[in-house]
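> The following file, coords_38.csv, comprises CSV, C-alpha atoms:
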```csv
chain,number,residue,atom,x,y,z
Q,278,GLY,CA,-18.3,159.1,-45.0
Q,279,SER,CA,-19.0,155.6,-43.7
Q,280,PRO,CA,-21.8,153.4,-45.0
Q,281,PRO,CA,-25.3,154.6,-44.2
Q,282,HIS,CA,-27.0,153.2,-41.1
Q,283,ARG,CA,-30.7,152.2,-41.5
Q,284,GLY,CA,-33.1,153.6,-39.0
Q,285,ARG,CA,-36.8,152.9,-38.8
Q,286,ASP,CA,-38.0,155.6,-41.1
Q,287,LEU,CA,-34.9,157.5,-42.3
Q,288,TRP,CA,-31.3,157.0,-43.4
Q,289,ILE,CA,-28.5,158.7,-41.5
Q,290,ILE,CA,-25.1,159.1,-43.2
Q,291,ARG,CA,-22.3,159.4,-40.6
Q,292,PHE,CA,-19.2,161.5,-41.6
Q,293,ALA,CA,-15.8,161.3,-39.9
Q,294,ASP,CA,-15.5,165.1,-40.0
Q,295,GLU,CA,-17.5,168.2,-40.3
Q,296,ALA,CA,-16.0,169.1,-43.7
Q,297,GLY,CA,-17.5,165.9,-45.2
Q,298,ALA,CA,-20.9,166.7,-43.8
Q,299,LEU,CA,-20.8,170.2,-45.2
Q,300,LEU,CA,-19.7,169.0,-48.6
Q,301,ASN,CA,-22.5,166.5,-48.7
Q,302,ALA,CA,-25.0,169.1,-47.7
Q,303,ALA,CA,-23.8,171.5,-50.4
Q,304,VAL,CA,-24.0,168.8,-53.1
Q,305,ASP,CA,-27.5,167.8,-51.9
Q,306,ASN,CA,-28.6,171.5,-52.0
Q,307,GLU,CA,-27.2,171.9,-55.5
Q,308,HIS,CA,-29.1,168.9,-56.8
Q,309,ARG,CA,-32.3,169.9,-55.0
Q,310,PHE,CA,-32.3,173.4,-56.6
Q,311,ARG,CA,-31.5,172.1,-60.0
Q,312,ARG,CA,-34.7,170.0,-59.7
Q,313,ILE,CA,-36.6,173.0,-58.3
Q,314,LEU,CA,-35.5,175.1,-61.2
Q,315,ARG,CA,-36.5,172.5,-63.8
Q,316,THR,CA,-39.9,172.1,-62.2
Q,317,SER,CA,-40.5,175.8,-61.9
Q,318,GLU,CA,-39.5,176.3,-65.6
Q,319,ALA,CA,-41.8,173.6,-66.7
Q,320,GLU,CA,-44.8,174.5,-64.5
Q,321,LEU,CA,-44.6,178.3,-64.1
Q,322,GLY,CA,-42.4,179.5,-67.0
Q,323,ALA,CA,-38.9,180.9,-67.3
Q,324,ASN,CA,-39.7,184.4,-66.0
Q,325,HIS,CA,-41.9,183.5,-63.1
Q,326,ARG,CA,-40.8,184.9,-59.7
Q,327,GLU,CA,-40.3,181.5,-58.2
Q,328,THR,CA,-38.2,180.4,-61.2
Q,329,LEU,CA,-36.0,183.5,-60.9
Q,330,ASP,CA,-35.6,182.8,-57.2
Q,331,ALA,CA,-34.5,179.2,-57.9
Q,332,ALA,CA,-32.1,180.4,-60.6
Q,333,GLY,CA,-30.6,183.0,-58.3
Q,334,TYR,CA,-30.1,180.6,-55.4
Q,335,LEU,CA,-28.7,177.9,-57.6
Q,336,ALA,CA,-26.2,180.5,-59.0
Q,337,TYR,CA,-25.2,181.3,-55.4
Q,338,LEU,CA,-24.6,177.6,-54.6
Q,339,LEU,CA,-22.6,177.1,-57.8
Q,340,ASP,CA,-20.6,180.2,-57.1
Q,341,ALA,CA,-19.8,179.1,-53.6
Q,342,SER,CA,-18.7,175.7,-55.0
Q,343,GLY,CA,-16.3,177.3,-57.5
Q,344,LYS,CA,-18.5,176.5,-60.5
Q,345,LEU,CA,-18.4,180.0,-61.8
Q,346,GLU,CA,-19.0,179.3,-65.5
Q,347,GLU,CA,-22.3,177.7,-64.6
Q,348,ALA,CA,-23.2,180.3,-62.0
Q,349,GLU,CA,-22.7,183.4,-64.3
Q,350,PRO,CA,-25.5,182.8,-66.7
Q,351,LEU,CA,-27.9,182.0,-63.9
Q,352,TYR,CA,-26.9,185.2,-62.0
Q,353,ARG,CA,-27.5,187.2,-65.2
Q,354,ARG,CA,-30.8,185.5,-65.9
Q,355,ALA,CA,-32.0,186.2,-62.4
Q,356,LEU,CA,-30.8,189.8,-62.5
Q,357,ALA,CA,-32.4,190.5,-65.9
Q,358,GLY,CA,-35.7,188.9,-64.7
Q,359,TYR,CA,-35.9,190.7,-61.4
Q,360,GLU,CA,-35.1,194.1,-63.1
Q,361,ALA,CA,-37.7,193.5,-65.7
Q,362,TRP,CA,-40.5,192.4,-63.3
Q,363,LEU,CA,-39.6,194.1,-60.0
Q,364,GLY,CA,-37.5,197.1,-61.0
Q,365,TRP,CA,-33.9,198.1,-60.3
Q,366,GLU,CA,-34.6,199.3,-56.7
Q,367,HIS,CA,-36.1,196.0,-55.5
Q,368,PRO,CA,-34.0,194.2,-52.9
Q,369,GLU,CA,-33.8,191.0,-55.0
Q,370,THR,CA,-32.5,192.9,-58.0
Q,371,LEU,CA,-29.9,194.7,-55.9
Q,372,ARG,CA,-28.7,191.5,-54.2
Q,373,SER,CA,-28.5,189.7,-57.6
Q,374,ALA,CA,-26.4,192.6,-59.0
Q,375,SER,CA,-24.2,192.6,-56.0
Q,376,ASN,CA,-23.7,188.8,-56.1
Q,377,LEU,CA,-22.9,189.0,-59.9
Q,378,ALA,CA,-20.4,191.8,-59.3
Q,379,ALA,CA,-18.7,189.9,-56.5
Q,380,MET,CA,-18.3,186.8,-58.7
Q,381,LEU,CA,-16.9,188.9,-61.6
Q,382,GLN,CA,-14.5,190.5,-59.2
Q,383,ALA,CA,-13.3,187.1,-57.9
Q,384,GLN,CA,-12.5,186.2,-61.5
Q,385,GLY,CA,-10.4,189.3,-61.9
Q,386,ARG,CA,-12.9,190.8,-64.3
Q,387,LEU,CA,-12.7,194.2,-62.6
Q,388,LEU,CA,-13.7,196.4,-65.4
Q,389,GLU,CA,-17.0,194.5,-65.8
Q,390,ALA,CA,-17.5,194.2,-62.0
Q,391,GLU,CA,-16.9,197.9,-61.0
Q,392,PRO,CA,-19.9,199.7,-62.7
Q,393,LEU,CA,-22.2,196.9,-61.5
Q,394,SER,CA,-20.8,197.0,-58.0
Q,395,ARG,CA,-21.1,200.8,-57.8
Q,396,LYS,CA,-24.7,200.7,-59.1
Q,397,ALA,CA,-25.7,198.0,-56.6
Q,398,LEU,CA,-24.1,199.9,-53.7
Q,399,ARG,CA,-26.0,203.1,-54.6
Q,400,GLY,CA,-29.3,201.1,-54.8
Q,401,LEU,CA,-28.6,199.3,-51.5
Q,402,GLU,CA,-27.8,202.6,-49.8
Q,403,ALA,CA,-31.0,204.2,-51.0
Q,404,LYS,CA,-33.2,201.2,-50.2
Q,405,PHE,CA,-31.7,200.0,-46.9
Q,406,GLY,CA,-29.5,202.8,-45.6
Q,407,LEU,CA,-25.8,203.0,-44.9
Q,408,ALA,CA,-25.7,200.6,-42.0
Q,409,HIS,CA,-27.7,197.6,-43.4
Q,410,PRO,CA,-25.6,194.4,-43.6
Q,411,ASP,CA,-26.3,194.0,-47.4
Q,412,THR,CA,-25.1,197.6,-47.9
Q,413,VAL,CA,-22.0,197.0,-45.8
Q,414,ALA,CA,-21.2,193.8,-47.7
Q,415,SER,CA,-21.3,195.7,-50.9
Q,416,VAL,CA,-19.0,198.4,-49.4
Q,417,GLY,CA,-16.5,195.7,-48.6
Q,418,ASN,CA,-16.7,194.2,-52.1
Q,419,LEU,CA,-16.1,197.6,-53.7
Q,420,ALA,CA,-13.2,198.4,-51.3
Q,421,HIS,CA,-11.4,195.2,-52.4
Q,422,LEU,CA,-12.2,195.8,-56.1
Q,423,LEU,CA,-10.7,199.3,-55.9
Q,424,SER,CA,-7.7,198.1,-54.0
Q,425,SER,CA,-7.1,195.4,-56.7
Q,426,LYS,CA,-7.4,198.1,-59.4
Q,427,GLY,CA,-4.9,200.3,-57.6
Q,428,ASP,CA,-7.5,203.1,-56.8
Q,429,LEU,CA,-6.1,203.2,-53.3
Q,430,VAL,CA,-7.4,206.6,-52.1
Q,431,GLU,CA,-11.0,205.7,-52.8
Q,432,ALA,CA,-10.4,202.1,-51.5
Q,433,GLU,CA,-9.1,203.6,-48.2
Q,434,GLY,CA,-12.3,205.5,-47.7
Q,435,PHE,CA,-14.4,202.4,-48.2
Q,436,PHE,CA,-12.2,200.3,-45.9
Q,437,ARG,CA,-12.5,202.9,-43.2
Q,438,ARG,CA,-16.3,202.9,-43.5
Q,439,LEU,CA,-16.3,199.1,-43.3
Q,440,LEU,CA,-14.0,199.1,-40.3
Q,441,ALA,CA,-16.2,201.6,-38.4
Q,442,TRP,CA,-19.3,199.4,-39.0
Q,443,ARG,CA,-17.5,196.2,-37.9
Q,444,GLU,CA,-16.1,197.9,-34.8
Q,445,SER,CA,-19.5,199.1,-33.8
Q,446,ARG,CA,-21.5,196.0,-34.7
Q,447,LEU,CA,-19.1,193.1,-34.2
Q,448,GLY,CA,-16.6,194.6,-31.7
Q,449,PRO,CA,-12.9,195.5,-32.0
Q,450,ASP,CA,-11.7,192.0,-31.4
Q,451,HIS,CA,-13.9,190.1,-33.9
Q,452,GLY,CA,-12.0,188.2,-36.6
Q,453,ASP,CA,-13.8,190.2,-39.4
Q,454,THR,CA,-12.9,193.4,-37.7
Q,455,VAL,CA,-9.2,192.4,-37.5
Q,456,THR,CA,-9.2,191.3,-41.1
Q,457,CYS,CA,-10.5,194.8,-42.1
Q,458,VAL,CA,-7.8,196.4,-39.9
Q,459,ARG,CA,-5.2,194.5,-41.9
Q,460,ASP,CA,-6.8,195.4,-45.2
Q,461,LEU,CA,-6.7,199.1,-44.4
Q,462,ALA,CA,-3.1,198.8,-43.2
Q,463,SER,CA,-2.2,197.2,-46.5
Q,464,VAL,CA,-3.7,200.0,-48.5
Q,465,LEU,CA,-1.9,202.6,-46.3
Q,466,MET,CA,1.4,200.8,-46.9
Q,467,ARG,CA,0.8,200.9,-50.7
Q,468,LEU,CA,0.0,204.6,-50.3
Q,469,ASP,CA,3.4,205.0,-48.7
Q,470,ARG,CA,1.9,206.0,-45.3
Q,471,PRO,CA,3.7,203.6,-43.0
Q,472,ALA,CA,3.3,205.8,-40.0
Q,473,GLU,CA,-0.5,205.1,-40.2
Q,474,ALA,CA,-0.1,201.5,-41.1
Q,475,VAL,CA,2.2,200.5,-38.1
Q,476,PRO,CA,-0.4,201.1,-35.3
Q,477,LEU,CA,-3.0,199.1,-37.3
Q,478,GLU,CA,-0.6,196.2,-37.7
Q,479,ARG,CA,0.4,196.4,-34.1
Q,480,ARG,CA,-3.3,196.2,-33.2
Q,481,ALA,CA,-3.8,193.2,-35.5
Q,482,PHE,CA,-0.8,191.5,-34.0
Q,483,LYS,CA,-2.1,191.9,-30.4
Q,484,GLN,CA,-5.6,190.7,-31.3
Q,485,HIS,CA,-4.4,187.7,-33.3
Q,486,GLU,CA,-2.0,186.7,-30.5
Q,487,ALA,CA,-4.7,186.9,-27.9
Q,488,THR,CA,-7.4,185.1,-29.9
Q,489,LEU,CA,-5.5,182.8,-32.2
Q,490,GLY,CA,-2.3,182.2,-30.3
Q,491,ALA,CA,1.3,183.3,-30.9
Q,492,GLU,CA,2.2,180.4,-33.3
Q,493,HIS,CA,-0.9,180.6,-35.5
Q,494,PRO,CA,-0.1,181.2,-39.2
Q,495,GLU,CA,-2.2,184.4,-39.3
Q,496,THR,CA,-0.4,185.8,-36.2
Q,497,LEU,CA,3.0,185.0,-37.9
Q,498,ARG,CA,1.9,186.7,-41.1
Q,499,VAL,CA,1.3,189.9,-39.1
Q,500,VAL,CA,4.7,189.4,-37.3
Q,501,GLU,CA,6.4,189.2,-40.7
Q,502,VAL,CA,4.7,192.3,-42.1
Q,503,LEU,CA,5.1,194.4,-39.0
Q,504,GLY,CA,8.7,193.4,-38.7
Q,505,GLY,CA,9.3,194.6,-42.3
Q,506,LEU,CA,7.4,197.9,-41.6
Q,507,LEU,CA,9.4,198.6,-38.5
Q,508,GLU,CA,12.7,197.8,-40.2
Q,509,ASP,CA,11.8,200.2,-43.1
Q,510,ARG,CA,11.1,202.9,-40.5
Q,511,GLY,CA,14.4,202.3,-38.7
Q,512,GLU,CA,12.9,200.9,-35.6
Q,513,LEU,CA,15.4,198.1,-35.7
Q,514,ALA,CA,15.4,196.8,-32.1
Q,515,GLU,CA,11.7,195.9,-32.2
Q,516,ALA,CA,12.0,194.7,-35.7
Q,517,GLU,CA,14.8,192.3,-34.7
Q,518,ASP,CA,12.7,190.9,-31.9
Q,519,LEU,CA,9.9,190.1,-34.4
Q,520,ARG,CA,12.4,188.7,-36.9
Q,521,ARG,CA,13.8,186.4,-34.2
Q,522,ARG,CA,10.3,185.4,-33.1
Q,523,LEU,CA,9.4,184.5,-36.7
Q,524,LEU,CA,12.5,182.4,-37.2
Q,525,VAL,CA,11.9,180.4,-34.0
Q,526,ALA,CA,8.3,179.7,-35.0
Q,527,HIS,CA,9.2,178.7,-38.6
Q,528,THR,CA,12.0,176.4,-37.4
Q,529,ALA,CA,9.6,174.7,-35.0
Q,530,ARG,CA,6.9,174.3,-37.5
Q,531,PHE,CA,8.7,173.6,-40.8
Q,532,GLY,CA,12.2,172.5,-39.7
Q,533,PRO,CA,15.6,174.3,-40.2
Q,534,SER,CA,15.9,173.7,-44.0
Q,535,HIS,CA,12.4,174.7,-45.1
Q,536,ARG,CA,12.3,177.7,-47.5
Q,537,GLU,CA,10.1,179.7,-45.1
Q,538,THR,CA,12.6,179.1,-42.3
Q,539,LEU,CA,15.5,180.1,-44.5
Q,540,ALA,CA,13.7,183.3,-45.7
Q,541,ALA,CA,13.2,184.2,-42.0
Q,542,LEU,CA,16.8,183.5,-41.3
Q,543,ALA,CA,18.0,185.6,-44.2
Q,544,ALA,CA,15.7,188.5,-43.1
Q,545,LEU,CA,17.1,188.4,-39.6
Q,546,ALA,CA,20.7,188.3,-40.9
Q,547,ARG,CA,20.1,191.3,-43.2
Q,548,LEU,CA,18.6,193.3,-40.3
Q,549,LEU,CA,21.6,192.4,-38.0
Q,550,TRP,CA,24.0,193.5,-40.8
Q,551,ARG,CA,22.1,196.8,-41.0
Q,552,ARG,CA,22.5,197.2,-37.3
Q,553,GLY,CA,26.2,196.7,-37.6
Q,554,ASP,CA,26.3,193.3,-36.0
Q,555,LEU,CA,28.4,191.7,-38.8
Q,556,ILE,CA,29.9,189.0,-36.6
Q,557,THR,CA,26.4,187.5,-35.9
Q,558,ALA,CA,24.9,188.3,-39.4
Q,559,GLU,CA,27.6,186.8,-41.6
Q,560,PRO,CA,27.3,183.1,-40.5
Q,561,LEU,CA,23.5,183.4,-40.7
Q,562,LEU,CA,23.6,184.7,-44.3
Q,563,ARG,CA,26.1,182.0,-45.3
Q,564,ARG,CA,23.9,179.3,-43.8
Q,565,ALA,CA,20.8,180.6,-45.6
Q,566,ALA,CA,22.6,181.0,-48.9
Q,567,ARG,CA,24.2,177.5,-48.7
Q,568,SER,CA,20.9,175.8,-47.9
Q,569,LEU,CA,19.0,177.7,-50.6
Q,570,ALA,CA,21.7,176.9,-53.2
Q,571,GLN,CA,21.4,173.2,-52.3
Q,572,GLN,CA,17.7,173.3,-52.8
Q,573,LEU,CA,17.4,175.7,-55.8
Q,574,GLY,CA,20.8,175.5,-57.5
Q,575,PRO,CA,23.7,178.0,-57.1
Q,576,ARG,CA,22.4,180.2,-59.9
Q,577,HIS,CA,18.9,180.8,-58.5
Q,578,PRO,CA,18.4,184.5,-57.5
Q,579,ASP,CA,17.1,183.5,-54.1
Q,580,ALA,CA,20.4,181.7,-53.4
```
Could you write out this structure as structure tokens?


Amino acid sequence: GSPPHRGRDLWIIRFADEAGALLNAAVDNEHRFRRILRTSEAELGANHRETLDAAGYLAYLLDASGKLEEAEPLYRRALAGYEAWLGWEHPETLRSASNLAAMLQAQGRLLEAEPLSRKALRGLEAKFGLAHPDTVASVGNLAHLLSSKGDLVEAEGFFRRLLAWRESRLGPDHGDTVTCVRDLASVLMRLDRPAEAVPLERRAFKQHEATLGAEHPETLRVVEVLGGLLEDRGELAEAEDLRRRLLVAHTARFGPSHRETLAALAALARLLWRRGDLITAEPLLRRAARSLAQQLGPRHPDA
């Protein structure tokens, strides 16, 4: 940010961009809640409700800032205190459990996170019902956890539940809804059910194209996945159209020699070879192999 400008009674710090302002606000909040926590501990005691609230909120701020080692003991402290004073069924206890489970999950500590996540979800369902935002957030966390563990059948059920809620509450075109559509499609692909995944990826493609634009990185990621799915299913004409589209977009964005562009070029060439168009495919494959060999060395597997 630029130097502060003095007003009559306050200081205003001007930032060149929104990210700078948000970062400053996050740092300020963290320092403020550290002070609040120290004051509450000194004046009210370590187990007072206001102290636990301060510990839990500071943990959340540290978690959001990526300071997970500092956040974890504060989450655990808040959770233990809430459970002791308020009981497991209290909303603050359940939210603390859900937040701690989500943080453990983000660290890849899935075996620790899963029982806590399941217990939190059961409590949130009982306290708030199936459609409460806190319950639904917990459903999403557990869906991703199970997907990461490879428990795909159960993950599918939770993703379908999450998708139904987002469609009804946020609408079919909301970004969070489309993200859930893609998450469900990914699980179905891993379950070897491409016939169910393809319409979901088509839907995501149309929605991203309409809302983000044809050249947006998220749109192009869907183009790549959908192209591969269609090719695997033998729908080669449509797959070729998507492969060509991806190649044009990557060439414009990265240049003709970038690895992303060369990967798209090689994918198109392989598809053309499969379609029997060897005359078109061969020079494309040679071009991709030659460029990759120059960049990676002739013995690299990608070359």

> With all atoms listed in the file counted, which protein, DNA or RNA residues have an atom no more than 9 Å from (-11.5, 193.3, -46.0) in the file frame? Please answer as a ChimeraX atom specification.

/Q:417-418,420-421,436,439-440,453-461

> Which neighbours of Leu398 (chain Q) fall inside 7 Å, counting all atoms listed in the file, when residues of the same chain fewer than 6 positions from it are skipped, and could you give them as a PyMOL selection string?

chain Q and resi 412+415-416

> When you count all atoms listed in the file, which of these residues is closest to Ala514 (chain Q): Q:Arg552, Q:Arg563, Q:Lys344, Q:His451?

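Ranking Q:Arg552, Q:Arg563, Q:Lys344, Q:His451 by distance to Ala514 (chain Q), first place goes to Q:Arg552.
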
> Would you mind reading off the distance between CA of Ala472 (chain Q) and CA of Ala544 (chain Q), one decimal, in Å?

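Distance between the two atoms: 21.5 Å.
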
> For the atom pair CA of Arg386 (chain Q) and CA of Gly358 (chain Q), what is the interatomic distance in Å to one decimal place?

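So the two atoms, CA of Arg386 (chain Q) and CA of Gly358 (chain Q), lie 22.9 Å apart.
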
> Hey, can you pull every residue with an atom no more than 10 Å from (3.7, 192.9, -42.2), using only C-alpha atoms, and send it as a PyMOL selection string?

chain Q and resi 459+462-463+466+474-475+478-479+482+497-507

> Neighbouring residues of Arg438 (chain Q) were defined as those with any atom within 10 Å, considering all atoms listed in the file; residues of the same chain fewer than 4 positions away were excluded. Please report them as a PDB file with C-alpha atoms, keeping the file's coordinate frame.


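Saved result, part.pdb, follows:
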```pdb
ATOM      1  CA  LEU Q 407     -25.800 203.000 -44.900  1.00  0.00           C
ATOM      2  CA  ALA Q 408     -25.700 200.600 -42.000  1.00  0.00           C
ATOM      3  CA  VAL Q 413     -22.000 197.000 -45.800  1.00  0.00           C
ATOM      4  CA  VAL Q 416     -19.000 198.400 -49.400  1.00  0.00           C
ATOM      5  CA  GLY Q 417     -16.500 195.700 -48.600  1.00  0.00           C
ATOM      6  CA  ALA Q 420     -13.200 198.400 -51.300  1.00  0.00           C
ATOM      7  CA  ALA Q 432     -10.400 202.100 -51.500  1.00  0.00           C
ATOM      8  CA  GLU Q 433      -9.100 203.600 -48.200  1.00  0.00           C
ATOM      9  CA  GLY Q 434     -12.300 205.500 -47.700  1.00  0.00           C
ATOM     10  CA  TRP Q 442     -19.300 199.400 -39.000  1.00  0.00           C
ATOM     11  CA  ARG Q 443     -17.500 196.200 -37.900  1.00  0.00           C
TER      12      ARG Q 443
END
```

> For CA of Leu477 (chain Q) and CA of His493 (chain Q), determine how far apart the two atoms are, in Å to one decimal place.

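These atoms are spaced 18.7 Å apart.
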
> Could you check the closest approach to His308 (chain Q) for each of Q:Lys483, Q:Leu339, Q:Gly333, Q:Gly553 and tell me which residue wins, using only C-alpha atoms?

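Result for the nearest residue to His308 (chain Q): Q:Leu339.
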
> For each of Q:Ile556, Q:Val525, Q:Leu561, Q:Leu422, take the minimum atom-to-atom distance to Leu387 (chain Q), counting all atoms listed in the file, then give the residue where this is smallest.

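Of all the options, Q:Leu422 lies closest to Leu387 (chain Q).
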
> Between Q:Leu423, Q:His527, Q:Ala403, Q:Arg467, which one has atoms that come closest to Ala491 (chain Q), using only C-alpha atoms?

Q:His527

> Please identify all polymer residues within 10 Å of region 312-324 of chain Q, counting all atoms listed in the file, omitting same-chain residues fewer than 6 positions from it, and present them as a ChimeraX atom specification.

/Q:306,330-335,354-355,357-359,361-362

> Would you mind putting all heavy atoms back on region 361-370 of chain Q and writing the result as a compact mmCIF listing (two decimals), in the coordinates of the input?


```txt
# COMPACT_ATOMS: atom_id res chain seq x y z
N ALA Q 361 -36.60 193.36 -64.82
CA ALA Q 361 -37.70 193.50 -65.70
C ALA Q 361 -39.07 193.52 -64.95
O ALA Q 361 -39.98 194.31 -65.23
CB ALA Q 361 -37.74 192.46 -66.79
N TRP Q 362 -39.18 192.62 -63.98
CA TRP Q 362 -40.50 192.40 -63.30
C TRP Q 362 -40.61 193.29 -62.05
O TRP Q 362 -41.71 193.72 -61.71
CB TRP Q 362 -40.62 190.95 -62.90
CG TRP Q 362 -40.97 190.09 -64.07
CD1 TRP Q 362 -40.11 189.41 -64.87
CD2 TRP Q 362 -42.27 189.83 -64.59
NE1 TRP Q 362 -40.78 188.74 -65.86
CE2 TRP Q 362 -42.12 188.97 -65.70
CE3 TRP Q 362 -43.56 190.23 -64.23
CZ2 TRP Q 362 -43.21 188.52 -66.46
CZ3 TRP Q 362 -44.63 189.77 -64.96
CH2 TRP Q 362 -44.45 188.93 -66.07
N LEU Q 363 -39.50 193.50 -61.33
CA LEU Q 363 -39.60 194.10 -60.00
C LEU Q 363 -38.98 195.55 -60.00
O LEU Q 363 -39.26 196.32 -59.08
CB LEU Q 363 -38.87 193.29 -58.96
CG LEU Q 363 -39.36 191.84 -58.83
CD1 LEU Q 363 -38.47 191.07 -57.87
CD2 LEU Q 363 -40.82 191.81 -58.37
N GLY Q 364 -38.14 195.85 -61.00
CA GLY Q 364 -37.50 197.10 -61.00
C GLY Q 364 -36.10 197.08 -60.40
O GLY Q 364 -35.79 196.19 -59.61
N TRP Q 365 -35.27 198.06 -60.75
CA TRP Q 365 -33.90 198.10 -60.30
C TRP Q 365 -33.80 198.24 -58.76
O TRP Q 365 -32.92 197.70 -58.10
CB TRP Q 365 -33.08 199.14 -60.97
CG TRP Q 365 -31.69 199.23 -60.41
CD1 TRP Q 365 -31.20 200.15 -59.55
CD2 TRP Q 365 -30.63 198.30 -60.63
NE1 TRP Q 365 -29.89 199.87 -59.23
CE2 TRP Q 365 -29.52 198.73 -59.88
CE3 TRP Q 365 -30.51 197.14 -61.40
CZ2 TRP Q 365 -28.30 198.05 -59.87
CZ3 TRP Q 365 -29.29 196.46 -61.40
CH2 TRP Q 365 -28.21 196.91 -60.64
N GLU Q 366 -34.73 198.96 -58.17
CA GLU Q 366 -34.60 199.30 -56.70
C GLU Q 366 -35.11 198.18 -55.83
O GLU Q 366 -34.98 198.28 -54.60
CB GLU Q 366 -35.47 200.55 -56.43
CG GLU Q 366 -34.99 201.82 -57.12
CD GLU Q 366 -35.42 201.89 -58.59
OE1 GLU Q 366 -36.27 201.07 -58.99
OE2 GLU Q 366 -34.92 202.77 -59.31
N HIS Q 367 -35.65 197.09 -56.39
CA HIS Q 367 -36.10 196.00 -55.50
C HIS Q 367 -34.98 195.29 -54.87
O HIS Q 367 -33.92 195.09 -55.49
CB HIS Q 367 -36.97 195.01 -56.37
CG HIS Q 367 -37.75 194.04 -55.55
ND1 HIS Q 367 -37.19 192.90 -55.02
CD2 HIS Q 367 -39.05 194.06 -55.14
CE1 HIS Q 367 -38.11 192.24 -54.34
NE2 HIS Q 367 -39.25 192.92 -54.40
N PRO Q 368 -35.14 194.86 -53.60
CA PRO Q 368 -34.00 194.20 -52.90
C PRO Q 368 -33.46 192.98 -53.64
O PRO Q 368 -32.24 192.77 -53.65
CB PRO Q 368 -34.67 193.77 -51.57
CG PRO Q 368 -35.74 194.78 -51.34
CD PRO Q 368 -36.28 195.11 -52.70
N GLU Q 369 -34.32 192.16 -54.27
CA GLU Q 369 -33.80 191.00 -55.00
C GLU Q 369 -32.95 191.38 -56.17
O GLU Q 369 -31.94 190.73 -56.47
CB GLU Q 369 -34.96 190.08 -55.40
CG GLU Q 369 -35.69 189.40 -54.27
CD GLU Q 369 -34.80 188.53 -53.41
OE1 GLU Q 369 -33.75 188.06 -53.90
OE2 GLU Q 369 -35.13 188.31 -52.24
N THR Q 370 -33.34 192.44 -56.87
CA THR Q 370 -32.50 192.90 -58.00
C THR Q 370 -31.18 193.40 -57.51
O THR Q 370 -30.15 193.06 -58.09
CB THR Q 370 -33.27 194.08 -58.70
OG1 THR Q 370 -34.61 193.70 -59.00
CG2 THR Q 370 -32.55 194.45 -59.99
```
